[in-house]
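Asks: One file: data29.cif (mmCIF, C-alpha atoms).
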data_upload
#
loop_
_atom_site.group_PDB
_atom_site.id
_atom_site.type_symbol
_atom_site.label_atom_id
_atom_site.label_comp_id
_atom_site.auth_asym_id
_atom_site.auth_seq_id
_atom_site.Cartn_x
_atom_site.Cartn_y
_atom_site.Cartn_z
ATOM 1 C CA ASP N 1019 32.534 34.286 -139.812
ATOM 2 C CA GLY N 1020 34.587 31.168 -140.438
ATOM 3 C CA GLY N 1021 35.674 29.128 -137.479
ATOM 4 C CA ILE N 1022 35.390 26.054 -135.315
ATOM 5 C CA THR N 1023 32.564 25.700 -132.841
ATOM 6 C CA GLN N 1024 32.308 23.325 -129.931
ATOM 7 C CA SER N 1025 29.247 22.961 -127.816
ATOM 8 C CA PRO N 1026 28.480 23.130 -125.047
ATOM 9 C CA LYS N 1027 31.220 25.059 -123.219
ATOM 10 C CA TYR N 1028 30.550 23.163 -119.987
ATOM 11 C CA LEU N 1029 29.030 19.689 -119.731
ATOM 12 C CA PHE N 1030 28.114 17.623 -116.700
ATOM 13 C CA ARG N 1031 27.284 13.937 -116.810
ATOM 14 C CA LYS N 1032 26.751 11.132 -114.362
ATOM 15 C CA GLU N 1033 29.244 8.305 -114.202
ATOM 16 C CA GLY N 1034 28.326 5.450 -116.536
ATOM 17 C CA GLN N 1035 26.628 7.629 -119.137
ATOM 18 C CA ASN N 1036 27.899 8.077 -122.678
ATOM 19 C CA VAL N 1037 28.202 11.677 -123.847
ATOM 20 C CA THR N 1038 28.830 13.159 -127.295
ATOM 21 C CA LEU N 1039 30.819 16.364 -127.773
ATOM 22 C CA SER N 1040 30.093 18.427 -130.847
ATOM 23 C CA CYS N 1041 32.711 19.914 -133.185
ATOM 24 C CA GLU N 1042 31.741 21.807 -136.333
ATOM 25 C CA GLN N 1043 33.912 23.832 -138.713
ATOM 26 C CA ASN N 1044 32.993 25.997 -141.700
ATOM 27 C CA LEU N 1045 36.571 26.550 -142.823
ATOM 28 C CA ASN N 1046 36.404 23.841 -145.481
ATOM 29 C CA HIS N 1047 39.301 22.088 -143.753
ATOM 30 C CA ASP N 1048 40.030 18.501 -144.680
ATOM 31 C CA ALA N 1049 41.534 17.341 -141.395
ATOM 32 C CA MET N 1050 40.048 17.404 -137.910
ATOM 33 C CA TYR N 1051 41.465 16.392 -134.539
ATOM 34 C CA TRP N 1052 40.351 15.746 -130.953
ATOM 35 C CA TYR N 1053 42.634 16.431 -127.995
ATOM 36 C CA ARG N 1054 42.272 16.033 -124.273
ATOM 37 C CA GLN N 1055 43.974 18.397 -121.822
ATOM 38 C CA ASP N 1056 44.337 17.770 -118.087
ATOM 39 C CA PRO N 1057 45.646 20.336 -115.568
ATOM 40 C CA GLY N 1058 49.359 20.940 -116.036
ATOM 41 C CA GLN N 1059 49.443 18.656 -119.048
ATOM 42 C CA GLY N 1060 49.977 19.241 -122.720
ATOM 43 C CA LEU N 1061 47.524 18.207 -125.387
ATOM 44 C CA ARG N 1062 47.068 14.482 -125.894
ATOM 45 C CA LEU N 1063 45.634 13.263 -129.186
ATOM 46 C CA ILE N 1064 42.516 11.101 -129.006
ATOM 47 C CA TYR N 1065 41.519 10.668 -132.659
ATOM 48 C CA TYR N 1066 42.120 12.448 -135.927
ATOM 49 C CA SER N 1067 40.663 12.376 -139.416
ATOM 50 C CA GLN N 1068 42.385 13.525 -142.585
ATOM 51 C CA ILE N 1069 39.425 12.911 -144.880
ATOM 52 C CA VAL N 1070 35.720 12.193 -144.704
ATOM 53 C CA ASN N 1071 34.797 8.617 -143.718
ATOM 54 C CA ASP N 1072 38.299 7.905 -142.421
ATOM 55 C CA PHE N 1073 39.925 8.398 -139.021
ATOM 56 C CA GLN N 1074 42.903 7.167 -137.010
ATOM 57 C CA LYS N 1075 43.468 6.513 -133.333
ATOM 58 C CA GLY N 1076 45.737 8.846 -131.419
ATOM 59 C CA ASP N 1077 47.611 8.080 -128.223
ATOM 60 C CA ILE N 1078 44.630 7.764 -125.868
ATOM 61 C CA ALA N 1079 41.740 6.434 -127.988
ATOM 62 C CA GLU N 1080 40.519 3.847 -125.478
ATOM 63 C CA GLY N 1081 37.055 4.684 -124.189
ATOM 64 C CA TYR N 1082 36.346 7.149 -127.003
ATOM 65 C CA SER N 1083 34.733 6.887 -130.424
ATOM 66 C CA VAL N 1084 34.359 9.253 -133.385
ATOM 67 C CA SER N 1085 32.692 9.503 -136.767
ATOM 68 C CA ARG N 1086 33.424 11.647 -139.817
ATOM 69 C CA GLU N 1087 30.375 11.418 -142.047
ATOM 70 C CA LYS N 1088 30.585 15.045 -143.151
ATOM 71 C CA LYS N 1089 33.576 17.276 -143.829
ATOM 72 C CA GLU N 1090 32.264 19.909 -141.418
ATOM 73 C CA SER N 1091 31.615 17.678 -138.436
ATOM 74 C CA PHE N 1092 33.710 15.418 -136.197
ATOM 75 C CA PRO N 1093 31.750 14.442 -133.065
ATOM 76 C CA LEU N 1094 33.484 12.680 -130.176
ATOM 77 C CA THR N 1095 31.661 10.218 -127.934
ATOM 78 C CA VAL N 1096 33.034 9.648 -124.458
ATOM 79 C CA THR N 1097 31.839 6.204 -123.461
ATOM 80 C CA SER N 1098 31.372 4.697 -120.034
ATOM 81 C CA ALA N 1099 34.521 2.656 -120.707
ATOM 82 C CA GLN N 1100 36.669 5.800 -120.339
ATOM 83 C CA LYS N 1101 37.945 5.506 -116.792
ATOM 84 C CA ASN N 1102 38.699 9.163 -116.101
ATOM 85 C CA PRO N 1103 36.686 11.309 -118.512
ATOM 86 C CA THR N 1104 36.716 14.618 -116.611
ATOM 87 C CA ALA N 1105 38.923 16.923 -118.695
ATOM 88 C CA PHE N 1106 39.060 19.845 -121.128
ATOM 89 C CA TYR N 1107 38.409 18.632 -124.678
ATOM 90 C CA LEU N 1108 39.694 20.571 -127.676
ATOM 91 C CA CYS N 1109 38.808 20.088 -131.312
ATOM 92 C CA ALA N 1110 41.039 21.374 -134.110
ATOM 93 C CA SER N 1111 41.147 21.427 -137.896
ATOM 94 C CA SER N 1112 43.732 22.070 -140.588
ATOM 95 C CA SER N 1113 44.039 22.442 -144.333
ATOM 96 C CA ARG N 1114 46.732 22.209 -146.992
ATOM 97 C CA ASP N 1115 45.536 25.625 -148.146
ATOM 98 C CA GLN N 1116 47.060 27.245 -145.068
ATOM 99 C CA ALA N 1117 50.678 28.417 -145.377
ATOM 100 C CA HIS N 1118 51.950 26.094 -142.678
ATOM 101 C CA ASN N 1119 49.013 23.692 -142.451
ATOM 102 C CA GLU N 1120 48.718 24.808 -138.852
ATOM 103 C CA GLN N 1121 45.891 23.542 -136.706
ATOM 104 C CA PHE N 1122 43.118 25.916 -135.652
ATOM 105 C CA PHE N 1123 41.400 25.161 -132.368
ATOM 106 C CA GLY N 1124 37.830 25.465 -131.180
ATOM 107 C CA PRO N 1125 36.990 27.036 -127.789
ATOM 108 C CA GLY N 1126 36.862 23.673 -126.012
ATOM 109 C CA THR N 1127 34.347 21.774 -123.904
ATOM 110 C CA ARG N 1128 34.996 21.205 -120.223
ATOM 111 C CA LEU N 1129 33.452 17.857 -119.288
ATOM 112 C CA THR N 1130 32.838 16.976 -115.673
ATOM 113 C CA VAL N 1131 31.653 13.490 -114.778
ATOM 114 C CA LEU N 1132 30.033 13.284 -111.366
ATOM 115 C CA GLY E 1285 58.714 7.090 -129.400
ATOM 116 C CA GLN E 1286 58.167 10.790 -129.390
ATOM 117 C CA ASN E 1287 59.493 13.094 -126.698
ATOM 118 C CA ILE E 1288 58.940 16.845 -126.532
ATOM 119 C CA ASP E 1289 60.504 18.566 -123.533
ATOM 120 C CA GLN E 1290 60.064 22.134 -122.301
ATOM 121 C CA PRO E 1291 60.328 23.815 -118.889
ATOM 122 C CA THR E 1292 57.207 23.713 -116.740
ATOM 123 C CA GLU E 1293 57.265 27.286 -115.503
ATOM 124 C CA MET E 1294 59.053 30.586 -116.132
ATOM 125 C CA THR E 1295 58.671 34.075 -114.718
ATOM 126 C CA ALA E 1296 59.781 37.455 -116.046
ATOM 127 C CA THR E 1297 59.042 41.132 -115.562
ATOM 128 C CA GLU E 1298 57.201 43.490 -117.828
ATOM 129 C CA GLY E 1299 59.405 44.909 -120.593
ATOM 130 C CA ALA E 1300 61.973 42.125 -120.312
ATOM 131 C CA ILE E 1301 62.952 39.406 -122.798
ATOM 132 C CA VAL E 1302 62.317 35.717 -122.148
ATOM 133 C CA GLN E 1303 63.439 32.624 -124.037
ATOM 134 C CA ILE E 1304 61.426 29.398 -123.804
ATOM 135 C CA ASN E 1305 63.327 26.311 -124.906
ATOM 136 C CA CYS E 1306 62.001 23.122 -126.445
ATOM 137 C CA THR E 1307 63.925 19.945 -127.223
ATOM 138 C CA TYR E 1308 62.478 17.100 -129.191
ATOM 139 C CA GLN E 1309 63.147 13.520 -130.193
ATOM 140 C CA THR E 1310 60.741 12.245 -132.829
ATOM 141 C CA SER E 1311 60.781 9.472 -135.389
ATOM 142 C CA GLY E 1312 60.376 12.030 -138.157
ATOM 143 C CA PHE E 1313 60.278 15.799 -138.528
ATOM 144 C CA ASN E 1314 58.039 17.890 -140.715
ATOM 145 C CA GLY E 1315 57.887 21.194 -138.867
ATOM 146 C CA LEU E 1316 57.747 22.677 -135.368
ATOM 147 C CA PHE E 1317 54.960 24.893 -134.059
ATOM 148 C CA TRP E 1318 54.588 27.225 -131.104
ATOM 149 C CA TYR E 1319 51.138 27.951 -129.690
ATOM 150 C CA GLN E 1320 49.980 30.321 -126.955
ATOM 151 C CA GLN E 1321 47.200 29.257 -124.613
ATOM 152 C CA HIS E 1322 45.549 31.477 -122.013
ATOM 153 C CA ALA E 1323 43.908 29.707 -119.095
ATOM 154 C CA GLY E 1324 40.645 28.029 -120.070
ATOM 155 C CA GLU E 1325 40.945 29.071 -123.698
ATOM 156 C CA ALA E 1326 41.953 27.470 -126.990
ATOM 157 C CA PRO E 1327 45.578 27.465 -128.146
ATOM 158 C CA THR E 1328 46.380 30.039 -130.812
ATOM 159 C CA PHE E 1329 49.102 29.657 -133.436
ATOM 160 C CA LEU E 1330 52.240 31.760 -132.920
ATOM 161 C CA SER E 1331 54.973 30.470 -135.197
ATOM 162 C CA TYR E 1332 56.233 27.710 -137.463
ATOM 163 C CA ASN E 1333 59.745 26.538 -138.319
ATOM 164 C CA VAL E 1334 60.699 23.801 -140.738
ATOM 165 C CA LEU E 1335 64.172 24.981 -141.782
ATOM 166 C CA ASP E 1336 67.055 25.898 -139.484
ATOM 167 C CA GLY E 1337 67.221 29.492 -138.415
ATOM 168 C CA LEU E 1338 65.244 32.314 -136.923
ATOM 169 C CA GLU E 1339 61.722 33.360 -137.856
ATOM 170 C CA GLU E 1340 60.711 36.794 -136.589
ATOM 171 C CA LYS E 1341 57.164 38.023 -136.202
ATOM 172 C CA GLY E 1342 56.810 41.258 -134.286
ATOM 173 C CA ARG E 1343 57.699 40.804 -130.608
ATOM 174 C CA PHE E 1344 57.912 37.025 -131.041
ATOM 175 C CA SER E 1345 60.712 35.062 -132.719
ATOM 176 C CA SER E 1346 61.266 31.344 -133.029
ATOM 177 C CA PHE E 1347 64.490 29.482 -133.732
ATOM 178 C CA LEU E 1348 65.102 25.944 -134.935
ATOM 179 C CA SER E 1349 68.134 23.682 -135.084
ATOM 180 C CA ARG E 1350 67.140 20.349 -136.615
ATOM 181 C CA SER E 1351 70.547 18.735 -136.017
ATOM 182 C CA LYS E 1352 70.239 19.459 -132.286
ATOM 183 C CA GLY E 1353 66.514 18.750 -132.023
ATOM 184 C CA TYR E 1354 66.121 22.176 -130.438
ATOM 185 C CA SER E 1355 63.897 25.202 -130.741
ATOM 186 C CA TYR E 1356 63.250 28.318 -128.714
ATOM 187 C CA LEU E 1357 60.553 30.962 -128.614
ATOM 188 C CA LEU E 1358 61.816 34.461 -127.824
ATOM 189 C CA LEU E 1359 59.395 37.022 -126.454
ATOM 190 C CA LYS E 1360 60.562 40.641 -126.354
ATOM 191 C CA GLU E 1361 59.132 43.691 -124.583
ATOM 192 C CA LEU E 1362 57.017 41.493 -122.369
ATOM 193 C CA GLN E 1363 53.512 42.637 -121.513
ATOM 194 C CA MET E 1364 51.167 41.443 -118.795
ATOM 195 C CA LYS E 1365 48.929 39.881 -121.452
ATOM 196 C CA ASP E 1366 51.816 37.546 -122.407
ATOM 197 C CA SER E 1367 51.159 35.589 -119.207
ATOM 198 C CA ALA E 1368 50.015 32.269 -120.657
ATOM 199 C CA SER E 1369 51.086 28.716 -121.384
ATOM 200 C CA TYR E 1370 53.342 28.246 -124.426
ATOM 201 C CA LEU E 1371 53.103 24.918 -126.211
ATOM 202 C CA CYS E 1372 55.779 23.430 -128.431
ATOM 203 C CA ALA E 1373 54.552 20.887 -130.987
ATOM 204 C CA VAL E 1374 56.314 18.801 -133.621
ATOM 205 C CA ARG E 1375 54.744 17.383 -136.758
ATOM 206 C CA GLY E 1376 56.124 13.985 -137.638
ATOM 207 C CA ARG E 1377 57.160 12.800 -141.068
ATOM 208 C CA GLY E 1378 54.335 12.183 -143.504
ATOM 209 C CA SER E 1379 51.239 14.113 -144.426
ATOM 210 C CA THR E 1380 51.126 17.806 -143.635
ATOM 211 C CA LEU E 1381 47.670 17.082 -142.298
ATOM 212 C CA GLY E 1382 49.106 14.508 -139.940
ATOM 213 C CA ARG E 1383 49.236 14.630 -136.198
ATOM 214 C CA LEU E 1384 51.212 16.945 -133.938
ATOM 215 C CA TYR E 1385 53.148 15.843 -130.861
ATOM 216 C CA PHE E 1386 52.806 18.404 -128.068
ATOM 217 C CA GLY E 1387 55.027 19.165 -125.112
ATOM 218 C CA ARG E 1388 53.441 19.775 -121.706
ATOM 219 C CA GLY E 1389 53.621 23.528 -122.101
ATOM 220 C CA THR E 1390 55.577 26.256 -120.308
ATOM 221 C CA GLN E 1391 53.531 28.462 -117.985
ATOM 222 C CA LEU E 1392 54.911 31.996 -118.261
ATOM 223 C CA THR E 1393 54.037 34.557 -115.604
ATOM 224 C CA VAL E 1394 54.827 38.200 -116.330
ATOM 225 C CA TRP E 1395 55.127 40.438 -113.260
ATOM 226 C CA PRO E 1396 54.654 44.218 -113.299
#
Written as structure tokens, that's how I'd like the structure from this file.
Replies:
Amino acid sequence: DGGITQSPKYLFRKEGQNVTLSCEQNLNHDAMYWYRQDPGQGLRLIYYSQIVNDFQKGDIAEGYSVSREKKESFPLTVTSAQKNPTAFYLCASSSRDQAHNEQFFGPGTRLTVL
Amino acid sequence: GQNIDQPTEMTATEGAIVQINCTYQTSGFNGLFWYQQHAGEAPTFLSYNVLDGLEEKGRFSSFLSRSKGYSYLLLKELQMKDSASYLCAVRGRGSTLGRLYFGRGTQLTVWP
């Protein structure tokens, strides 16, 4: 089955620790995206990548880092510099082969920093 | 800057029709999307408009007026399972693989 996987579903970390969230897709999509969602808020873009080995900052990139070494993978690292990291993190991907180039979302990772 | 505005909450009864509005001000426009998101789950794609007019897909329809910076999502024959958050998102000018700008979402509650 083709799709986007994020692991784990729930993640707990102590304050001051870096943590890396996994995002893998087997849809052969060129573009991948990371969003953060807080209660009652819409999706805010952290980083996105339209092609391997290239990525752009979104609206709230401070305290986060990404890499895009493979087409299938776009891991997000939440560093200790991120002041309020507890949130629901969503990964998405898209392709020009889709009719509307719509973004498909993974199931999300809920990160709680204690 | 980019501004996507939609109501925070709406309620309706089962079997009714509800219209969720979205207004936008963006530096460019290359399509408008509606997504449905159930609590704690991923958003799922509902509809896409890039030209003015109405797009119908089963119980859901979406309308766009580019000159007014306005869209609505129309849900007919409401069911309990339609209780969810509905997200309006605009793709700016440029690559079709470019970023989306999301509104805060409209939480719809359907009552029996």
Asks: Using the chain letters and numbers from this file, what does the PyMOL selection byres ((chain E and resi 1288-1296) around 9) select? Give the answer as a PyMOL selection string.
Replies: (chain N and resi 1058) or (chain E and resi 1286-1287+1297-1302+1304-1310+1362+1367+1369+1371-1374+1385-1396)
Asks: Just how far from atom CA of N:Cys1109 is atom CA of N:Pro1026, in Å to one decimal?
Replies: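 Computed distance, atom CA of N:Pro1026 to atom CA of N:Cys1109, equals 12.5 Å.
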Asks: Could you jot down the atom CA of E:Ala1326 to atom CA of N:Ile1022 separation for me, Å, one decimal place?
Replies: 10.7 Å
Asks: Counting all atoms listed in the file, collect the residues of chain N whose closest atom lies at most 12 Å from chain E, and write them out as a ChimeraX atom specification.
Replies: /N:1022-1024,1027-1028,1047-1069,1073-1077,1105-1128
Asks: Evaluated on this file, the PyMOL selection byres ((chain N and resi 1021) around 7) picks out some residues - which ones are they, written as a JSON list (two decimals) with C-alpha atoms, keeping the file's coordinate frame?
Replies:
[["chain", "number", "residue", "atom", "x", "y", "z"],
["N", 1019, "ASP", "CA", 32.53, 34.29, -139.81],
["N", 1020, "GLY", "CA", 34.59, 31.17, -140.44],
["N", 1022, "ILE", "CA", 35.39, 26.05, -135.32],
["N", 1023, "THR", "CA", 32.56, 25.70, -132.84],
["N", 1043, "GLN", "CA", 33.91, 23.83, -138.71],
["N", 1044, "ASN", "CA", 32.99, 26.00, -141.70],
["N", 1045, "LEU", "CA", 36.57, 26.55, -142.82]]
Asks: Evaluate the PyMOL selection byres ((chain N and resi 1082) around 10) against this structure - the residues, as a list in words, please.
Replies: Asn1036, Val1037, Thr1038, Ile1064, Tyr1065, Lys1075, Ile1078, Ala1079, Glu1080, Gly1081, Ser1083, Val1084, Leu1094, Thr1095, Val1096, Thr1097, Ser1098, Ala1099, Gln1100 and Pro1103 of chain N
Asks: What is the atom CA of N:Cys1041 to atom CA of N:Glu1090 distance in Å?
Replies: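 Between these atoms lies a distance of 8.2 Å.
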Asks: Put a box with edges along x, y and z around all the listed atoms of stretch 1100-1105 of chain N, pad it by 3 Å on each side, then give me its centre and sizes in Å, one decimal, as AutoDock Vina command-line options.
Replies:
--center_x 37.8 --center_y 11.2 --center_z -118.2 --size_x 8.3 --size_y 17.4 --size_z 10.2
Asks: Report as a PyMOL selection string all protein, DNA and RNA residues lying within 7 Å of E:Gln1303, evaluated on only C-alpha atoms, omitting residues in the same chain fewer than 4 positions from it.
Replies: chain E and resi 1356-1359
Asks: Using the incomplete input, complete stretch 1320-1331 of chain E to the level of all heavy atoms; output as an mmCIF file, in the frame of the given file.
Replies:
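Output saved as part-v4.cif:
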data_model
loop_
_atom_site.group_PDB
_atom_site.id
_atom_site.type_symbol
_atom_site.label_atom_id
_atom_site.label_comp_id
_atom_site.auth_asym_id
_atom_site.auth_seq_id
_atom_site.Cartn_x
_atom_site.Cartn_y
_atom_site.Cartn_z
ATOM 1 N N GLN E 1320 50.233 29.645 -128.227
ATOM 2 C CA GLN E 1320 49.980 30.321 -126.955
ATOM 3 C C GLN E 1320 48.605 29.919 -126.468
ATOM 4 O O GLN E 1320 47.652 29.875 -127.256
ATOM 5 C CB GLN E 1320 50.026 31.845 -127.153
ATOM 6 C CG GLN E 1320 49.776 32.648 -125.883
ATOM 7 C CD GLN E 1320 49.560 34.126 -126.200
ATOM 8 O OE1 GLN E 1320 48.636 34.492 -126.920
ATOM 9 N NE2 GLN E 1320 50.424 34.972 -125.662
ATOM 10 N N GLN E 1321 48.496 29.626 -125.172
ATOM 11 C CA GLN E 1321 47.200 29.257 -124.613
ATOM 12 C C GLN E 1321 46.973 29.986 -123.294
ATOM 13 O O GLN E 1321 47.674 29.744 -122.312
ATOM 14 C CB GLN E 1321 47.101 27.744 -124.396
ATOM 15 C CG GLN E 1321 45.726 27.290 -123.936
ATOM 16 C CD GLN E 1321 45.631 25.796 -123.702
ATOM 17 O OE1 GLN E 1321 46.619 25.123 -123.438
ATOM 18 N NE2 GLN E 1321 44.426 25.253 -123.822
ATOM 19 N N HIS E 1322 45.962 30.864 -123.271
ATOM 20 C CA HIS E 1322 45.549 31.477 -122.013
ATOM 21 C C HIS E 1322 44.651 30.510 -121.273
ATOM 22 O O HIS E 1322 43.992 29.657 -121.883
ATOM 23 C CB HIS E 1322 44.835 32.806 -122.273
ATOM 24 C CG HIS E 1322 45.763 33.912 -122.677
ATOM 25 N ND1 HIS E 1322 45.955 34.290 -123.989
ATOM 26 C CD2 HIS E 1322 46.576 34.706 -121.943
ATOM 27 C CE1 HIS E 1322 46.839 35.264 -124.043
ATOM 28 N NE2 HIS E 1322 47.230 35.545 -122.806
ATOM 29 N N ALA E 1323 44.625 30.653 -119.950
ATOM 30 C CA ALA E 1323 43.908 29.707 -119.095
ATOM 31 C C ALA E 1323 42.452 29.554 -119.524
ATOM 32 O O ALA E 1323 41.735 30.545 -119.675
ATOM 33 C CB ALA E 1323 43.984 30.166 -117.642
ATOM 34 N N GLY E 1324 42.032 28.319 -119.727
ATOM 35 C CA GLY E 1324 40.645 28.029 -120.070
ATOM 36 C C GLY E 1324 40.262 28.334 -121.503
ATOM 37 O O GLY E 1324 39.086 28.231 -121.866
ATOM 38 N N GLU E 1325 41.242 28.718 -122.314
ATOM 39 C CA GLU E 1325 40.945 29.071 -123.698
ATOM 40 C C GLU E 1325 41.633 28.118 -124.676
ATOM 41 O O GLU E 1325 42.413 27.256 -124.292
ATOM 42 C CB GLU E 1325 41.381 30.508 -123.973
ATOM 43 C CG GLU E 1325 40.641 31.531 -123.138
ATOM 44 C CD GLU E 1325 41.056 32.954 -123.464
ATOM 45 O OE1 GLU E 1325 41.809 33.157 -124.435
ATOM 46 O OE2 GLU E 1325 40.617 33.865 -122.746
ATOM 47 N N ALA E 1326 41.336 28.299 -125.954
ATOM 48 C CA ALA E 1326 41.953 27.470 -126.990
ATOM 49 C C ALA E 1326 43.367 27.950 -127.290
ATOM 50 O O ALA E 1326 43.662 29.143 -127.196
ATOM 51 C CB ALA E 1326 41.113 27.535 -128.255
ATOM 52 N N PRO E 1327 44.261 27.048 -127.670
ATOM 53 C CA PRO E 1327 45.578 27.465 -128.146
ATOM 54 C C PRO E 1327 45.453 28.277 -129.431
ATOM 55 O O PRO E 1327 44.590 27.995 -130.267
ATOM 56 C CB PRO E 1327 46.298 26.138 -128.416
ATOM 57 C CG PRO E 1327 45.544 25.116 -127.651
ATOM 58 C CD PRO E 1327 44.127 25.585 -127.635
ATOM 59 N N THR E 1328 46.330 29.269 -129.572
ATOM 60 C CA THR E 1328 46.380 30.039 -130.812
ATOM 61 C C THR E 1328 47.786 29.945 -131.406
ATOM 62 O O THR E 1328 48.777 29.968 -130.679
ATOM 63 C CB THR E 1328 46.009 31.517 -130.587
ATOM 64 O OG1 THR E 1328 46.861 32.055 -129.574
ATOM 65 C CG2 THR E 1328 44.564 31.651 -130.159
ATOM 66 N N PHE E 1329 47.856 29.850 -132.709
ATOM 67 C CA PHE E 1329 49.102 29.657 -133.436
ATOM 68 C C PHE E 1329 49.992 30.888 -133.320
ATOM 69 O O PHE E 1329 49.541 32.019 -133.512
ATOM 70 C CB PHE E 1329 48.767 29.366 -134.900
ATOM 71 C CG PHE E 1329 49.943 29.397 -135.825
ATOM 72 C CD1 PHE E 1329 50.869 28.377 -135.826
ATOM 73 C CD2 PHE E 1329 50.104 30.444 -136.716
ATOM 74 C CE1 PHE E 1329 51.953 28.392 -136.699
ATOM 75 C CE2 PHE E 1329 51.173 30.477 -137.592
ATOM 76 C CZ PHE E 1329 52.103 29.453 -137.583
ATOM 77 N N LEU E 1330 51.279 30.668 -132.998
ATOM 78 C CA LEU E 1330 52.240 31.760 -132.920
ATOM 79 C C LEU E 1330 53.266 31.706 -134.046
ATOM 80 O O LEU E 1330 53.529 32.714 -134.693
ATOM 81 C CB LEU E 1330 53.007 31.712 -131.586
ATOM 82 C CG LEU E 1330 52.284 32.135 -130.324
ATOM 83 C CD1 LEU E 1330 53.214 31.980 -129.127
ATOM 84 C CD2 LEU E 1330 51.768 33.567 -130.438
ATOM 85 N N SER E 1331 53.878 30.518 -134.240
ATOM 86 C CA SER E 1331 54.973 30.470 -135.197
ATOM 87 C C SER E 1331 55.195 29.056 -135.692
ATOM 88 O O SER E 1331 54.730 28.084 -135.094
ATOM 89 C CB SER E 1331 56.267 30.993 -134.561
ATOM 90 O OG SER E 1331 56.726 30.071 -133.588
#
